[in-house]
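Report on the structure given below.
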Amino acid sequence: VEFAISRVQMNFLHLLSSEVTQQITIHCLNMTVWQEGTRQTPAKQAVRFRAWNGQIFEAGGQFRPEVSMDGCKVQDGRWHQTLFTFRTQDPQQLPIVSVDNLPPASSGKRYRLEVGPACFL
């Protein structure tokens, strides 16, 4: 993920903020990215998110995103989406700089990332 901001500007945002939020939406076609089926257990290859400070947000980990909608577990030939929200009082954690462990696109399976702005408060 690329940003149109210098490291110095980002450092000042981190210093002057007490809370940060960011949303990432994965639009998917026949591809599980977080949970499998109706069970609430993480998919074997659930996506992971690398924070600005190098920490990892992942299913079952110390740092986890809020998942308010997990439509990607539905594999019915139509596009769905999974919405991840990152909310922290450690401004050094955001923005998310990398989305890892995305399953490879193949015939009939696709995804698209929608990375929202990091809001520093």
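Going through the structure tokens in order, the chains are called A, B, and so on, while each chain numbers its residues from 1 and the ligands are numbered from 1 in the order shown.
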Residues of chain A in strand (DSSP E or B), written as a PyMOL selection string: chain A and resi 20-29+35+42+48-51+56-57+63+66-70+79-88+96-100+106+109-115+119-120
Kindly save the residues from that selection, with N, CA and C atoms included, as a compact mmCIF listing (two decimals), in the first residue's frame.
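File produced: again25.txt:
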# COMPACT_ATOMS: atom_id res chain seq x y z
N VAL A 20 -6.48 6.33 16.11
CA VAL A 20 -6.48 6.23 14.65
C VAL A 20 -7.47 5.14 14.23
N THR A 21 -8.18 5.37 13.13
CA THR A 21 -9.05 4.36 12.56
C THR A 21 -8.79 4.24 11.05
N GLN A 22 -9.05 3.06 10.52
CA GLN A 22 -8.91 2.82 9.09
C GLN A 22 -9.78 1.63 8.72
N GLN A 23 -10.35 1.65 7.51
CA GLN A 23 -11.13 0.53 7.03
C GLN A 23 -10.52 -0.01 5.74
N ILE A 24 -10.55 -1.32 5.60
CA ILE A 24 -10.14 -1.98 4.38
C ILE A 24 -11.26 -2.95 4.00
N THR A 25 -11.70 -2.87 2.75
CA THR A 25 -12.73 -3.76 2.24
C THR A 25 -12.11 -4.65 1.18
N ILE A 26 -12.35 -5.95 1.30
CA ILE A 26 -11.93 -6.88 0.26
C ILE A 26 -13.20 -7.32 -0.47
N HIS A 27 -13.28 -6.98 -1.75
CA HIS A 27 -14.38 -7.42 -2.60
C HIS A 27 -13.92 -8.74 -3.21
N CYS A 28 -14.79 -9.76 -3.18
CA CYS A 28 -14.33 -11.08 -3.60
C CYS A 28 -15.40 -11.82 -4.39
N LEU A 29 -14.90 -12.67 -5.26
CA LEU A 29 -15.75 -13.54 -6.07
C LEU A 29 -15.29 -14.97 -5.83
N GLN A 35 -13.16 -16.15 7.11
CA GLN A 35 -13.77 -17.31 7.75
C GLN A 35 -14.29 -18.27 6.70
N PRO A 42 -11.37 -18.93 11.85
CA PRO A 42 -10.66 -18.31 10.73
C PRO A 42 -10.35 -19.33 9.62
N ARG A 48 -3.67 -11.40 6.45
CA ARG A 48 -2.98 -10.74 7.56
C ARG A 48 -2.67 -9.31 7.11
N PHE A 49 -2.63 -8.41 8.07
CA PHE A 49 -2.39 -7.00 7.78
C PHE A 49 -1.16 -6.55 8.57
N ARG A 50 -0.22 -5.92 7.87
CA ARG A 50 1.00 -5.41 8.52
C ARG A 50 0.79 -3.92 8.83
N ALA A 51 1.00 -3.56 10.10
CA ALA A 51 0.83 -2.19 10.55
C ALA A 51 2.07 -1.35 10.24
N ILE A 56 1.51 -7.24 13.33
CA ILE A 56 0.62 -7.97 12.44
C ILE A 56 -0.78 -8.06 13.06
N PHE A 57 -1.78 -7.67 12.29
CA PHE A 57 -3.18 -7.89 12.65
C PHE A 57 -3.61 -9.17 11.95
N PHE A 63 -3.30 -8.84 17.92
CA PHE A 63 -3.98 -7.70 17.32
C PHE A 63 -4.89 -8.22 16.22
N GLU A 66 -11.56 -5.48 13.57
CA GLU A 66 -12.99 -5.74 13.72
C GLU A 66 -13.50 -6.16 12.35
N VAL A 67 -14.29 -7.22 12.30
CA VAL A 67 -14.86 -7.67 11.03
C VAL A 67 -16.37 -7.49 11.15
N SER A 68 -16.88 -6.40 10.57
CA SER A 68 -18.31 -6.10 10.72
C SER A 68 -19.16 -6.81 9.68
N MET A 69 -18.55 -7.26 8.59
CA MET A 69 -19.27 -8.00 7.57
C MET A 69 -18.29 -8.95 6.89
N ASP A 70 -18.65 -10.23 6.84
CA ASP A 70 -17.78 -11.22 6.20
C ASP A 70 -18.56 -11.94 5.10
N TRP A 79 -20.32 -11.42 -6.55
CA TRP A 79 -19.35 -10.64 -5.78
C TRP A 79 -19.91 -10.36 -4.38
N HIS A 80 -19.04 -10.47 -3.37
CA HIS A 80 -19.38 -10.16 -1.98
C HIS A 80 -18.24 -9.33 -1.41
N GLN A 81 -18.36 -8.95 -0.15
CA GLN A 81 -17.28 -8.18 0.46
C GLN A 81 -17.12 -8.50 1.94
N THR A 82 -15.89 -8.32 2.41
CA THR A 82 -15.57 -8.44 3.83
C THR A 82 -14.99 -7.11 4.26
N LEU A 83 -15.53 -6.54 5.34
CA LEU A 83 -15.14 -5.21 5.81
C LEU A 83 -14.34 -5.33 7.10
N PHE A 84 -13.10 -4.83 7.06
CA PHE A 84 -12.20 -4.83 8.21
C PHE A 84 -12.06 -3.40 8.72
N THR A 85 -12.22 -3.22 10.04
CA THR A 85 -12.01 -1.91 10.65
C THR A 85 -10.89 -2.02 11.67
N PHE A 86 -9.95 -1.11 11.57
CA PHE A 86 -8.81 -1.05 12.49
C PHE A 86 -9.00 0.20 13.33
N ARG A 87 -9.00 0.03 14.65
CA ARG A 87 -9.22 1.14 15.57
C ARG A 87 -8.22 0.95 16.71
N THR A 88 -7.38 1.94 16.94
CA THR A 88 -6.36 1.79 17.96
C THR A 88 -6.05 3.11 18.65
N ILE A 96 -2.29 0.82 7.79
CA ILE A 96 -1.90 -0.51 7.34
C ILE A 96 -1.02 -0.33 6.11
N VAL A 97 0.12 -1.01 6.07
CA VAL A 97 1.05 -0.84 4.95
C VAL A 97 1.10 -2.04 4.03
N SER A 98 0.54 -3.19 4.46
CA SER A 98 0.61 -4.38 3.62
C SER A 98 -0.53 -5.33 3.97
N VAL A 99 -1.11 -5.93 2.93
CA VAL A 99 -2.12 -6.98 3.10
C VAL A 99 -1.48 -8.26 2.59
N ASP A 100 -1.27 -9.21 3.48
CA ASP A 100 -0.55 -10.43 3.16
C ASP A 100 -1.47 -11.65 3.17
N SER A 106 -7.68 -17.16 -9.47
CA SER A 106 -7.68 -18.25 -10.44
C SER A 106 -9.00 -18.21 -11.20
N LYS A 109 -12.28 -17.11 -9.55
CA LYS A 109 -12.00 -16.56 -8.22
C LYS A 109 -11.20 -15.27 -8.38
N ARG A 110 -11.75 -14.19 -7.83
CA ARG A 110 -11.12 -12.88 -7.96
C ARG A 110 -11.30 -12.09 -6.66
N TYR A 111 -10.48 -11.05 -6.51
CA TYR A 111 -10.67 -10.12 -5.40
C TYR A 111 -10.18 -8.74 -5.80
N ARG A 112 -10.65 -7.73 -5.05
CA ARG A 112 -10.22 -6.36 -5.24
C ARG A 112 -10.14 -5.70 -3.88
N LEU A 113 -9.07 -4.97 -3.63
CA LEU A 113 -8.87 -4.29 -2.36
C LEU A 113 -9.36 -2.84 -2.45
N GLU A 114 -10.02 -2.40 -1.40
CA GLU A 114 -10.43 -1.01 -1.27
C GLU A 114 -9.87 -0.53 0.07
N VAL A 115 -8.83 0.28 0.01
CA VAL A 115 -8.14 0.73 1.23
C VAL A 115 -8.61 2.14 1.54
N CYS A 119 -7.65 7.77 9.60
CA CYS A 119 -8.16 8.99 10.23
C CYS A 119 -7.50 9.16 11.60
N PHE A 120 -6.67 10.17 11.72
CA PHE A 120 -5.95 10.45 12.96
C PHE A 120 -6.74 11.45 13.77
DSSP helix (DSSP H, G or I) residues within chain A, listed as a count of residues only: 16
Please report as a Markdown table every residue of range 80-108 of chain A lying within 12 Å of range 8-19 of chain A, along with the nearest atom pair and their distance in Å (one decimal), using only C-alpha atoms.
| residue | atom | partner | partner_atom | distance |
| --- | --- | --- | --- | --- |
| A:Phe86 | CA | A:Glu19 | CA | 10.6 |
| A:Arg87 | CA | A:Glu19 | CA | 7.4 |
| A:Thr88 | CA | A:Glu19 | CA | 5.7 |
| A:Gln89 | CA | A:Glu19 | CA | 4.3 |
| A:Asp90 | CA | A:Glu19 | CA | 6.4 |
| A:Pro91 | CA | A:His14 | CA | 5.1 |
| A:Gln92 | CA | A:His14 | CA | 5.9 |
| A:Gln93 | CA | A:His14 | CA | 9.0 |
| A:Leu94 | CA | A:His14 | CA | 8.7 |
| A:Pro95 | CA | A:Met10 | CA | 9.4 |
For CA of Ala59 in chain A and CA of Trp34 in chain A, the interatomic separation in Å (one decimal): 7.6 Å
